[in-house]
$ cat query-v4.csv   # CSV, C-alpha atoms and all ligand atoms
chain,number,residue,atom,x,y,z
C,1,MET,CA,-46.8,112.3,-26.5
C,2,ASN,CA,-47.2,111.6,-22.8
C,3,SER,CA,-50.3,111.9,-20.8
C,4,GLY,CA,-49.5,115.4,-19.7
C,5,GLU,CA,-49.1,114.4,-16.0
C,6,GLY,CA,-46.4,116.5,-14.5
C,7,THR,CA,-46.0,118.6,-17.6
C,8,GLY,CA,-46.9,122.3,-18.2
C,9,GLU,CA,-46.2,125.1,-15.9
C,10,ALA,CA,-47.3,123.3,-12.8
C,11,SER,CA,-46.1,119.9,-11.6
C,12,GLY,CA,-48.0,117.5,-9.3
C,13,ASP,CA,-45.5,118.1,-6.6
C,14,GLY,CA,-45.8,121.8,-6.9
C,15,LEU,CA,-49.5,121.6,-6.5
C,16,LYS,CA,-49.2,119.3,-3.6
C,17,ALA,CA,-47.2,121.9,-1.8
C,18,LEU,CA,-50.2,124.3,-2.1
C,19,LEU,CA,-52.6,122.0,-0.2
C,20,PRO,CA,-53.4,122.8,3.4
C,21,GLY,CA,-51.8,120.3,5.8
C,22,ASP,CA,-54.8,118.1,6.7
C,23,ALA,CA,-55.7,117.8,3.0
C,24,GLY,CA,-52.1,116.9,2.2
C,25,ALA,CA,-52.2,114.2,4.8
C,26,ARG,CA,-55.4,112.7,3.2
C,27,LEU,CA,-54.2,113.0,-0.4
C,28,GLN,CA,-54.1,109.6,-2.2
C,29,SER,CA,-53.4,110.8,-5.8
C,30,LEU,CA,-53.0,114.0,-7.8
C,31,ARG,CA,-52.9,114.1,-11.6
C,32,LEU,CA,-52.7,117.1,-13.8
C,33,ILE,CA,-54.1,116.5,-17.3
C,34,GLY,CA,-54.4,119.3,-19.7
C,35,GLY,CA,-55.0,121.9,-17.1
C,36,ARG,CA,-57.4,119.8,-15.1
C,37,ALA,CA,-56.1,118.9,-11.6
C,38,ILE,CA,-57.7,115.6,-10.4
C,39,LEU,CA,-57.3,114.9,-6.7
C,40,VAL,CA,-58.4,111.8,-4.8
C,41,PHE,CA,-58.6,112.0,-1.0
C,42,ASP,CA,-59.1,109.4,1.7
C,43,ALA,CA,-62.2,110.6,3.4
C,44,ALA,CA,-62.5,107.8,6.0
C,45,GLY,CA,-64.1,109.0,9.1
C,46,LEU,CA,-65.1,112.4,7.8
C,47,GLY,CA,-68.8,113.5,8.0
C,48,SER,CA,-70.4,115.2,5.0
C,49,LEU,CA,-69.7,118.7,6.4
C,50,ALA,CA,-66.0,117.9,6.9
C,51,ARG,CA,-65.9,116.5,3.3
C,52,GLU,CA,-67.4,119.7,1.9
C,53,ARG,CA,-65.0,121.8,3.9
C,54,LEU,CA,-62.0,119.7,2.6
C,55,GLU,CA,-63.2,120.0,-1.0
C,56,ALA,CA,-63.7,123.8,-0.6
C,57,GLU,CA,-60.3,124.2,0.9
C,58,VAL,CA,-58.6,122.2,-1.9
C,59,LYS,CA,-60.4,124.1,-4.6
C,60,GLY,CA,-59.6,127.4,-2.9
C,61,ALA,CA,-55.9,126.4,-2.7
C,62,LEU,CA,-55.5,125.2,-6.2
C,63,SER,CA,-57.7,127.3,-8.4
C,64,GLY,CA,-55.7,130.0,-10.0
C,65,ALA,CA,-52.5,128.1,-9.6
C,66,ALA,CA,-50.3,128.3,-12.7
C,67,GLY,CA,-51.3,125.7,-15.3
C,68,VAL,CA,-54.6,124.8,-13.5
C,69,SER,CA,-57.8,125.6,-15.2
C,70,GLU,CA,-60.1,123.2,-13.4
C,71,VAL,CA,-60.0,121.4,-10.1
C,72,HIS,CA,-61.8,118.0,-9.6
C,73,VAL,CA,-61.9,116.5,-6.1
C,74,ALA,CA,-63.0,112.9,-5.4
C,75,MET,CA,-63.4,111.4,-2.0
C,76,MET,CA,-62.8,107.8,-1.2
C,77,ALA,CA,-63.9,106.1,1.9
C,78,ASP,CA,-64.2,102.6,3.2
C,79,LYS,CA,-67.7,103.4,4.4
C,80,ALA,CA,-70.1,105.9,3.2
C,81,GLU,CA,-71.1,106.9,6.7
C,82,PRO,CA,-68.8,108.7,9.1
C,83,VAL,CA,-67.3,106.2,11.6
C,84,PRO,CA,-68.6,107.0,15.1
C,85,ALA,CA,-65.9,107.6,17.6
C,86,PRO,CA,-65.4,104.6,19.9
C,87,ARG,CA,-67.7,104.9,22.9
C,88,LYS,CA,-65.7,105.9,25.9
C,89,GLY,CA,-66.8,104.7,29.4
C,90,PRO,CA,-68.5,107.1,31.7
C,91,ARG,CA,-66.6,110.1,33.0
C,92,ILE,CA,-65.4,109.7,36.6
C,93,ILE,CA,-65.4,112.1,39.5
C,94,ALA,CA,-63.6,110.9,42.6
C,95,VAL,CA,-64.7,112.2,46.0
C,96,GLY,CA,-61.8,112.1,48.4
C,97,SER,CA,-60.7,113.3,51.7
C,98,GLY,CA,-57.6,113.2,53.8
C,99,LYS,CA,-59.3,111.6,56.8
C,100,GLY,CA,-62.4,109.7,57.6
C,101,GLY,CA,-65.5,111.0,59.3
C,102,VAL,CA,-65.6,114.3,57.4
C,103,GLY,CA,-68.8,113.3,55.6
C,104,LYS,CA,-67.2,112.2,52.4
C,105,SER,CA,-69.6,109.3,51.8
C,106,THR,CA,-72.6,111.5,52.7
C,107,LEU,CA,-71.4,114.1,50.3
C,108,ALA,CA,-70.6,111.6,47.5
C,109,ALA,CA,-74.1,110.2,47.7
C,110,ASN,CA,-75.8,113.5,47.8
C,111,LEU,CA,-73.7,114.9,45.0
C,112,ALA,CA,-74.6,111.9,42.8
C,113,VAL,CA,-78.3,112.4,43.6
C,114,ALA,CA,-78.1,116.2,43.0
C,115,LEU,CA,-76.3,115.7,39.7
C,116,ALA,CA,-78.9,113.1,38.6
C,117,ARG,CA,-81.6,115.6,39.6
C,118,SER,CA,-80.0,118.2,37.3
C,119,GLY,CA,-80.5,115.8,34.4
C,120,ARG,CA,-77.3,113.9,34.2
C,121,LYS,CA,-77.1,110.1,34.0
C,122,VAL,CA,-75.1,109.3,37.1
C,123,GLY,CA,-73.9,106.2,38.8
C,124,LEU,CA,-72.3,105.8,42.2
C,125,VAL,CA,-69.4,103.6,43.1
C,126,ASP,CA,-68.5,102.9,46.7
C,127,ALA,CA,-64.7,102.4,46.6
C,128,ASP,CA,-64.4,102.2,50.3
C,129,ILE,CA,-63.8,98.5,50.3
C,130,TYR,CA,-63.3,98.1,54.0
C,131,GLY,CA,-65.9,100.5,55.2
C,132,PRO,CA,-68.7,100.6,52.6
C,133,SER,CA,-71.6,102.9,53.4
C,134,GLN,CA,-73.3,103.7,50.1
C,135,ALA,CA,-75.7,100.7,50.3
C,136,ARG,CA,-77.1,102.3,53.4
C,137,LEU,CA,-76.9,105.9,52.2
C,138,LEU,CA,-78.9,105.1,49.0
C,139,GLY,CA,-81.4,102.8,50.7
C,140,THR,CA,-80.2,99.5,49.0
C,141,GLU,CA,-79.0,97.7,52.1
C,142,GLY,CA,-79.6,94.0,51.9
C,143,THR,CA,-79.8,93.9,48.0
C,144,ARG,CA,-77.2,91.7,46.4
C,145,ALA,CA,-75.7,92.7,43.1
C,146,VAL,CA,-75.9,90.1,40.3
C,147,ALA,CA,-73.4,89.5,37.5
C,148,HIS,CA,-74.3,89.3,33.9
C,149,GLN,CA,-71.8,88.1,31.3
C,150,GLY,CA,-69.0,88.4,33.8
C,151,LYS,CA,-69.7,91.9,34.8
C,152,LEU,CA,-71.7,93.3,37.8
C,153,VAL,CA,-75.1,94.8,37.2
C,154,PRO,CA,-75.5,98.0,39.3
C,155,VAL,CA,-78.2,98.0,42.0
C,156,GLN,CA,-81.0,100.4,41.3
C,157,SER,CA,-81.7,102.7,44.3
C,158,PRO,CA,-85.1,104.1,45.2
C,159,CYS,CA,-84.0,107.6,44.4
C,160,GLY,CA,-83.0,106.5,40.9
C,161,VAL,CA,-79.2,106.5,41.1
C,162,PRO,CA,-77.6,103.1,40.3
C,163,VAL,CA,-75.0,102.1,42.8
C,164,LEU,CA,-72.4,99.4,43.5
C,165,SER,CA,-70.7,98.8,46.8
C,166,MET,CA,-68.8,95.9,48.5
C,167,ALA,CA,-71.9,95.8,50.7
C,168,HIS,CA,-73.8,94.5,47.6
C,169,LEU,CA,-71.3,91.7,47.2
C,170,THR,CA,-70.7,90.4,50.7
C,171,PRO,CA,-73.3,89.1,53.3
C,172,PRO,CA,-74.0,91.8,55.8
C,173,GLY,CA,-71.7,91.9,58.8
C,174,GLN,CA,-69.0,89.8,57.2
C,175,ALA,CA,-65.6,91.3,57.7
C,176,ILE,CA,-63.4,91.9,54.6
C,177,ALA,CA,-59.8,90.9,55.2
C,178,TRP,CA,-58.4,91.2,51.7
C,179,ARG,CA,-55.1,92.7,50.8
C,180,GLY,CA,-53.6,94.8,48.0
C,181,PRO,CA,-54.2,92.9,44.7
C,182,LYS,CA,-57.6,91.5,45.7
C,183,ILE,CA,-58.7,95.0,46.8
C,184,ALA,CA,-57.7,96.3,43.4
C,185,GLY,CA,-59.6,93.5,41.8
C,186,ALA,CA,-62.7,94.4,43.7
C,187,LEU,CA,-62.5,98.0,42.8
C,188,ILE,CA,-62.0,97.2,39.1
C,189,GLN,CA,-65.2,95.0,39.2
C,190,LEU,CA,-67.2,97.8,40.7
C,191,VAL,CA,-66.0,100.4,38.2
C,192,GLU,CA,-66.0,98.2,35.1
C,193,ALA,CA,-69.6,97.1,35.7
C,194,HIS,CA,-72.6,97.4,33.4
C,195,TRP,CA,-72.8,101.2,33.7
C,196,ASP,CA,-74.3,101.2,30.3
C,197,ASN,CA,-76.4,104.3,30.5
C,198,ALA,CA,-74.3,106.3,32.9
C,199,GLU,CA,-72.4,109.3,31.5
C,200,LEU,CA,-70.8,110.0,34.9
C,201,LEU,CA,-69.6,107.9,37.8
C,202,VAL,CA,-69.2,109.5,41.2
C,203,ILE,CA,-66.7,107.5,43.2
C,204,ASP,CA,-66.6,107.5,47.0
C,205,LEU,CA,-62.9,106.8,47.8
C,206,PRO,CA,-61.8,105.6,51.2
C,207,PRO,CA,-60.0,108.2,53.2
C,208,GLY,CA,-56.3,108.7,52.9
C,209,THR,CA,-53.8,107.7,50.2
C,210,GLY,CA,-53.6,103.9,50.1
C,211,ASP,CA,-53.9,101.0,47.5
C,212,VAL,CA,-57.4,101.9,46.4
C,213,GLN,CA,-56.5,105.4,45.6
C,214,LEU,CA,-53.5,104.3,43.7
C,215,THR,CA,-55.4,101.8,41.6
C,216,MET,CA,-58.0,104.4,41.0
C,217,LEU,CA,-55.5,106.9,39.8
C,218,GLN,CA,-53.5,104.5,37.7
C,219,ARG,CA,-56.2,102.4,36.1
C,220,PHE,CA,-59.1,104.8,35.8
C,221,LYS,CA,-57.6,108.2,35.9
C,222,PRO,CA,-60.6,110.2,37.1
C,223,ASP,CA,-61.6,113.2,35.1
C,224,GLY,CA,-61.5,115.3,38.3
C,225,ALA,CA,-61.6,115.1,42.1
C,226,VAL,CA,-63.7,116.8,44.7
C,227,ILE,CA,-62.0,117.1,48.1
C,228,VAL,CA,-64.2,117.1,51.2
C,229,SER,CA,-63.0,118.7,54.5
C,230,THR,CA,-64.5,120.0,57.7
C,231,PRO,CA,-63.4,123.5,58.7
C,232,GLN,CA,-60.9,122.2,61.3
C,233,ASP,CA,-57.2,122.9,60.7
C,234,LEU,CA,-56.3,119.2,61.1
C,235,ALA,CA,-58.8,118.1,58.5
C,236,LEU,CA,-57.6,120.8,56.2
C,237,MET,CA,-54.0,119.6,56.4
C,238,ASP,CA,-55.2,116.2,55.4
C,239,ALA,CA,-57.3,117.6,52.6
C,240,ALA,CA,-54.2,119.3,51.2
C,241,ARG,CA,-52.4,116.0,51.3
C,242,ALA,CA,-55.3,114.4,49.4
C,243,ALA,CA,-55.3,117.2,46.8
C,244,GLU,CA,-51.6,116.7,46.3
C,245,LEU,CA,-52.1,112.9,45.6
C,246,PHE,CA,-54.5,113.7,42.8
C,247,THR,CA,-52.5,116.5,41.4
C,248,LYS,CA,-49.4,114.3,41.3
C,249,GLY,CA,-51.4,111.6,39.6
C,250,GLY,CA,-52.5,114.1,36.9
C,251,VAL,CA,-56.1,114.3,38.1
C,252,PRO,CA,-57.3,117.9,38.2
C,253,VAL,CA,-58.9,118.9,41.5
C,254,ILE,CA,-62.3,120.3,40.8
C,255,GLY,CA,-62.3,122.0,44.2
C,256,VAL,CA,-62.8,121.7,47.9
C,257,VAL,CA,-66.1,121.4,49.7
C,258,GLU,CA,-66.5,122.5,53.3
C,259,ASN,CA,-68.8,120.0,55.1
C,260,MET,CA,-70.3,120.4,58.5
C,261,ALA,CA,-69.9,124.2,58.2
C,262,GLY,CA,-72.1,126.1,60.6
C,263,TYR,CA,-74.5,124.4,63.0
C,264,ALA,CA,-78.1,125.5,62.9
C,265,CYS,CA,-79.7,124.7,66.3
C,266,PRO,CA,-83.0,122.8,65.5
C,267,HIS,CA,-84.6,124.4,68.5
C,268,CYS,CA,-83.7,128.1,68.5
C,269,GLY,CA,-82.3,128.4,64.9
C,270,GLU,CA,-79.2,130.0,66.1
C,271,VAL,CA,-76.2,129.3,63.9
C,272,SER,CA,-72.9,128.4,65.6
C,273,ASP,CA,-69.6,127.0,64.3
C,274,PRO,CA,-68.5,124.1,66.3
C,275,PHE,CA,-65.6,123.4,64.0
C,276,GLY,CA,-65.0,127.0,63.0
C,277,SER,CA,-65.9,128.1,59.5
C,278,GLY,CA,-64.3,129.5,56.4
C,279,GLY,CA,-61.2,127.4,56.9
C,280,ALA,CA,-61.7,125.3,53.8
C,281,GLU,CA,-62.2,128.3,51.7
C,282,ASP,CA,-58.9,129.8,52.9
C,283,ALA,CA,-57.2,126.4,52.4
C,284,ALA,CA,-58.6,126.1,48.9
C,285,ARG,CA,-57.1,129.5,48.1
C,286,GLU,CA,-53.7,128.4,49.5
C,287,MET,CA,-53.9,125.1,47.5
C,288,LYS,CA,-54.8,127.2,44.5
C,289,VAL,CA,-57.9,125.1,43.8
C,290,PRO,CA,-61.5,126.4,43.6
C,291,PHE,CA,-63.8,126.5,46.6
C,292,LEU,CA,-67.0,124.7,45.7
C,293,GLY,CA,-69.2,125.7,48.7
C,294,ARG,CA,-70.4,124.8,52.1
C,295,ILE,CA,-72.7,122.1,53.4
C,296,PRO,CA,-74.2,122.9,56.8
C,297,LEU,CA,-74.0,120.6,59.8
C,298,HIS,CA,-77.6,119.7,60.1
C,299,ILE,CA,-79.3,116.9,62.0
C,300,ALA,CA,-81.6,116.2,59.0
C,301,ILE,CA,-78.6,115.3,56.8
C,302,ARG,CA,-77.5,112.7,59.3
C,303,ARG,CA,-81.0,111.3,59.8
C,304,GLU,CA,-81.7,111.1,56.1
C,305,ALA,CA,-78.3,109.5,55.5
C,306,ASP,CA,-79.1,106.8,58.0
C,307,ALA,CA,-82.6,106.3,56.6
C,308,GLY,CA,-81.3,105.8,53.0
C,309,THR,CA,-83.3,108.8,51.8
C,310,PRO,CA,-80.6,111.2,50.6
C,311,THR,CA,-81.2,114.9,51.6
C,312,ALA,CA,-80.5,116.0,48.0
C,313,ALA,CA,-83.5,114.1,46.8
C,314,GLY,CA,-85.8,116.2,48.9
C,315,GLU,CA,-86.8,119.9,49.3
C,316,SER,CA,-84.9,121.8,52.0
C,317,PRO,CA,-82.2,124.5,52.3
C,318,GLN,CA,-79.7,121.6,52.8
C,319,ALA,CA,-80.9,120.0,49.5
C,320,GLU,CA,-80.3,123.3,47.9
C,321,ALA,CA,-76.8,123.4,49.2
C,322,PHE,CA,-76.2,120.0,47.4
C,323,ALA,CA,-77.9,121.3,44.3
C,324,ALA,CA,-75.5,124.3,44.2
C,325,LEU,CA,-72.6,122.0,44.6
C,326,ALA,CA,-73.8,119.8,41.8
C,327,GLN,CA,-74.2,122.8,39.6
C,328,ALA,CA,-70.6,123.9,40.3
C,329,VAL,CA,-69.3,120.4,39.5
C,330,GLY,CA,-71.5,120.2,36.4
C,331,GLU,CA,-70.2,123.5,35.1
C,332,TRP,CA,-66.7,122.3,35.7
C,333,LEU,CA,-67.5,119.1,33.7
C,334,ASP,CA,-69.0,121.0,30.8
C,335,LYS,CA,-65.9,123.2,30.5
C,336,ALA,CA,-63.4,120.3,31.0
C,337,PRO,CA,-62.1,118.8,27.7
M,1,LIG,N1,-73.4,118.0,56.8
M,1,LIG,C1,-73.7,117.0,57.8
M,1,LIG,N2,-74.6,117.3,58.8
M,1,LIG,C2,-74.8,116.3,59.7
M,1,LIG,N3,-74.3,115.1,59.7
M,1,LIG,C3,-73.4,114.8,58.8
M,1,LIG,C4,-73.1,115.8,57.7
M,1,LIG,N4,-72.2,115.2,56.9
M,1,LIG,C5,-72.0,113.9,57.4
M,1,LIG,N5,-72.7,113.7,58.5
M,1,LIG,C6,-72.7,112.5,59.4
M,1,LIG,O1,-71.4,112.3,59.8
M,1,LIG,C7,-71.1,111.0,59.9
M,1,LIG,C8,-69.8,110.7,59.0
M,1,LIG,O2,-70.2,110.9,57.7
M,1,LIG,P1,-69.6,109.9,56.5
M,1,LIG,O3,-70.2,110.4,55.2
M,1,LIG,O4,-69.8,108.5,56.8
M,1,LIG,O5,-68.1,110.3,56.6
M,1,LIG,P2,-66.8,109.7,55.8
M,1,LIG,O6,-67.3,109.0,54.6
M,1,LIG,O7,-65.9,110.9,55.5
M,1,LIG,O8,-66.2,108.8,56.8
M,1,LIG,C9,-72.3,110.2,59.5
M,1,LIG,O9,-73.0,109.9,60.6
M,1,LIG,C10,-73.1,111.3,58.7
M,1,LIG,O10,-74.5,111.1,58.7
M,2,MG,MG,-67.1,107.0,54.1
$ encode --input "query-v4.csv" --output "structure tokens"
Amino acid sequence: MNSGEGTGEASGDGLKALLPGDAGARLQSLRLIGGRAILVFDAAGLGSLARERLEAEVKGALSGAAGVSEVHVAMMADKAEPVPAPRKGPRIIAVGSGKGGVGKSTLAANLAVALARSGRKVGLVDADIYGPSQARLLGTEGTRAVAHQGKLVPVQSPCGVPVLSMAHLTPPGQAIAWRGPKIAGALIQLVEAHWDNAELLVIDLPPGTGDVQLTMLQRFKPDGAVIVSTPQDLALMDAARAAELFTKGGVPVIGVVENMAGYACPHCGEVSDPFGSGGAEDAAREMKVPFLGRIPLHIAIRREADAGTPTAAGESPQAEAFAALAQAVGEWLDKAP
């Protein structure tokens, strides 16, 4: 007499074919003895809920099959606890623009602060290697970053957003005359720093489409990009070019922000549009990317930027504009896979 395995109306292989695909993939052994199907599964990495679901699926699939009177399921795992997924680094949002002077750095700093205010753990990387400005914008000028175990430690800013910039590495006023590979090396140091608690890095890219942007795209593949433009036609053409760079690199464009839109006269309150207005919204529509909103041209934004007390950390209609922008970006992040 044999053990009964593979005998009777149902064969092991016949039963195997009844299993759902993911259960089949985890199956280690299946024996059919006297009407009792005994199945052993590799449950490595499955939590208790997933194990229960697997067992229920298997029982559902096999009970009632010809020759099966009972189904026994055993789970084998190297570890009793589910294996946590390896921790990924922080998500990355790149802030880019086609040209300089559109307020990209100001916007990156205030976006980071507004995102932090909305409860996210945010860090800010100044990737403008030749023209760093985030040390000033976040009030950390003169602070030198230290390294710990071969990695930089971000500088804590008064408004609570940790930041790293070339300005934290080089003595003030010293010109940086590096070329391609060294530039890439510097960028990597800034991004691969001890951002331990940050879930999100906002990266202030230099304007245009050079080495830094390419390194950023190839090595770090940001989760999304925010494009900053003024309402002028010329700036908008450059913005379209910047958006194309990201799209080609497989980085989704979160949307376009119009900065310096509408000037409110601090004396009479009258709003005028020195650069026109609405242009960025039209351009976003043409580029088929979302329009994220407008930040007004306001003297307080410039003053607060120069003073290292970002507008978004205070209470004002301008701060609210940054908060609205942070909300739009946050919603995008929550929906993105
Ligand atoms: N919305 C705004 N209102 C007033 N001044 C602004 C605004 N955005 C930027 N600025 C000012 O414009 C100048 C250029 O901004 P910056 O952020 O350095 O631009 P970019 O990084 O694009 O070169 C700075 O003096 C900054 O304070
Ligand atoms: Mg800048």
$ closest_atom_pairs --input "query-v4.csv" --of "chain C" --to "ligand MG 2 (chain M)" --cutoff "7 Å" --atoms "all atoms listed in the file" --output "CSV"
residue,atom,partner,partner_atom,distance
C:Gly100,CA,M:MG2,MG,6.5
C:Gly101,CA,M:MG2,MG,6.8
C:Gly103,CA,M:MG2,MG,6.7
C:Lys104,CA,M:MG2,MG,5.5
C:Ser105,CA,M:MG2,MG,4.1
C:Asp128,CA,M:MG2,MG,6.7
C:Gly131,CA,M:MG2,MG,6.7
C:Pro132,CA,M:MG2,MG,6.8
C:Ser133,CA,M:MG2,MG,6.1
C:Pro206,CA,M:MG2,MG,6.2
$ residues_near_ligand --input "query-v4.csv" --ligand "ligand LIG 1 (chain M)" --cutoff "6 Å" --atoms "all atoms listed in the file" --output "list of chain:residue names"
C:Gly100, C:Gly101, C:Val102, C:Gly103, C:Lys104, C:Ser105, C:Thr106, C:Asn259, C:Met260, C:Ile295, C:Pro296, C:Leu297, C:His298, C:Ile299, C:Ile301, C:Arg302, C:Ala305
$ closest_residue --input "query-v4.csv" --among "C:Leu15, C:Gly210, C:Arg144, C:Ile93" --to "Lys59 of chain C" --atoms "only C-alpha atoms"
C:Leu15
$ atom_distance --input "query-v4.csv" --atom1 "atom CA of Leu32 of chain C" --atom2 "atom CA of Gly12 of chain C"
6.5 Å
$ atom_distance --input "query-v4.csv" --atom1 "atom CA of Arg285 of chain C" --atom2 "atom CA of Val329 of chain C"
17.5 Å
$ residues_around --input "query-v4.csv" --residues "Thr311 of chain C" --least-positions-apart "6" --cutoff "7 Å" --atoms "only C-alpha atoms" --output "ChimeraX atom specification"
/C:110,301,304,318-319
$ residues_around --input "query-v4.csv" --residues "Gln232 of chain C" --least-positions-apart "2" --cutoff "12 Å" --atoms "all atoms listed in the file" --output "JSON, numbers by chain"
{"C": [99, 102, 228, 229, 230, 234, 235, 236, 237, 238, 239, 258, 259, 260, 261, 262, 273, 274, 275, 276, 277, 278, 279, 280, 281, 282, 283]}
$ atom_distance --input "query-v4.csv" --atom1 "atom CA of Gly14 of chain C" --atom2 "atom CA of Ala66 of chain C"
9.8 Å
$ closest_residue --input "query-v4.csv" --among "C:Gly123, C:Gly249, C:Gly21, C:Gly150" --to "Val202 of chain C" --atoms "all atoms listed in the file"
C:Gly123
$ residues_around --input "query-v4.csv" --residues "Val253 of chain C" --least-positions-apart "2" --cutoff "12 Å" --atoms "only C-alpha atoms" --output "PyMOL selection string"
chain C and resi 93-97+222-228+239-240+242-251+255-257+284+287-292+329+332-333+336
$ residues_around --input "query-v4.csv" --residues "Ala145 of chain C" --least-positions-apart "4" --cutoff "8 Å" --atoms "only C-alpha atoms" --output "list in words"
Leu152, Val153, Pro154, Val155, Leu164, His168 and Leu169 of chain C
$ closest_residue --input "query-v4.csv" --among "C:Ile129, C:Ala25, C:Ala312, C:Ala114" --to "Asp204 of chain C" --atoms "all atoms listed in the file"
C:Ile129
$ residues_around --input "query-v4.csv" --residues "segment 46-56 of chain C" --least-positions-apart "3" --cutoff "7 Å" --atoms "only C-alpha atoms" --output "JSON, numbers by chain"
{"C": [23, 43, 59, 60, 73, 82]}
$ residues_near_point --input "query-v4.csv" --point "(-53.6, 121.0, -7.8)" --cutoff "9 Å" --atoms "only C-alpha atoms" --output "list in words"
Ala10, Ser11, Gly12, Asp13, Gly14, Leu15, Lys16, Ala17, Leu18, Leu19, Leu30, Arg31, Leu32, Arg36, Ala37, Ile38, Leu39, Val58, Lys59, Ala61, Leu62, Ser63, Ala65, Val68, Glu70, Val71 and His72 of chain C
$ closest_residue --input "query-v4.csv" --among "C:Ile188, C:Ala135, C:Ala116, C:Leu200" --to "Gln218 of chain C" --atoms "all atoms listed in the file"
C:Ile188
$ closest_residue --input "query-v4.csv" --among "C:Ala108, C:Arg120, C:Ser69, C:Ala147" --to "Glu331 of chain C" --atoms "all atoms listed in the file"
C:Arg120
$ closest_residue --input "query-v4.csv" --among "C:Gln156, C:Gln213, C:Glu57, C:Met75" --to "Ala127 of chain C" --atoms "all atoms listed in the file"
C:Gln213
$ axis_aligned_box --input "query-v4.csv" --around "segment 290-299 of chain C" --padding-each-side "4 Å" --output "JSON"
{"center_x": -70.4, "center_y": 121.7, "center_z": 52.8, "size_x": 25.8, "size_y": 17.6, "size_z": 26.4}
$ decode --input "query-v4.csv" --residues "segment 48-77 of chain C" --atoms "C-alpha atoms" --output "PDB file, in the first residue's frame"
ATOM      1  CA  SER C  48      -0.878  38.161  10.309  1.00  0.00           C
ATOM      2  CA  LEU C  49      -3.733  39.592   8.255  1.00  0.00           C
ATOM      3  CA  ALA C  50      -2.157  38.520   4.978  1.00  0.00           C
ATOM      4  CA  ARG C  51      -1.562  35.025   6.419  1.00  0.00           C
ATOM      5  CA  GLU C  52      -5.164  34.734   7.468  1.00  0.00           C
ATOM      6  CA  ARG C  53      -6.306  35.868   4.056  1.00  0.00           C
ATOM      7  CA  LEU C  54      -4.010  33.374   2.339  1.00  0.00           C
ATOM      8  CA  GLU C  55      -5.306  30.539   4.516  1.00  0.00           C
ATOM      9  CA  ALA C  56      -8.913  31.500   3.882  1.00  0.00           C
ATOM     10  CA  GLU C  57      -8.323  31.704   0.130  1.00  0.00           C
ATOM     11  CA  VAL C  58      -6.699  28.296   0.060  1.00  0.00           C
ATOM     12  CA  LYS C  59      -9.450  26.688   2.123  1.00  0.00           C
ATOM     13  CA  GLY C  60     -12.065  28.331  -0.057  1.00  0.00           C
ATOM     14  CA  ALA C  61     -10.374  27.088  -3.216  1.00  0.00           C
ATOM     15  CA  LEU C  62      -9.844  23.486  -2.107  1.00  0.00           C
ATOM     16  CA  SER C  63     -12.734  22.563   0.131  1.00  0.00           C
ATOM     17  CA  GLY C  64     -15.320  20.736  -1.857  1.00  0.00           C
ATOM     18  CA  ALA C  65     -12.743  19.637  -4.453  1.00  0.00           C
ATOM     19  CA  ALA C  66     -13.120  16.002  -5.493  1.00  0.00           C
ATOM     20  CA  GLY C  67     -11.416  13.674  -2.998  1.00  0.00           C
ATOM     21  CA  VAL C  68     -10.800  16.403  -0.398  1.00  0.00           C
ATOM     22  CA  SER C  69     -12.617  16.151   2.904  1.00  0.00           C
ATOM     23  CA  GLU C  70     -10.346  18.380   5.012  1.00  0.00           C
ATOM     24  CA  VAL C  71      -7.863  21.151   4.248  1.00  0.00           C
ATOM     25  CA  HIS C  72      -4.914  21.818   6.562  1.00  0.00           C
ATOM     26  CA  VAL C  73      -2.771  24.880   5.981  1.00  0.00           C
ATOM     27  CA  ALA C  74       0.605  25.462   7.578  1.00  0.00           C
ATOM     28  CA  MET C  75       2.677  28.633   7.249  1.00  0.00           C
ATOM     29  CA  MET C  76       6.454  28.604   7.380  1.00  0.00           C
ATOM     30  CA  ALA C  77       8.462  31.752   7.787  1.00  0.00           C
TER      31      ALA C  77
END
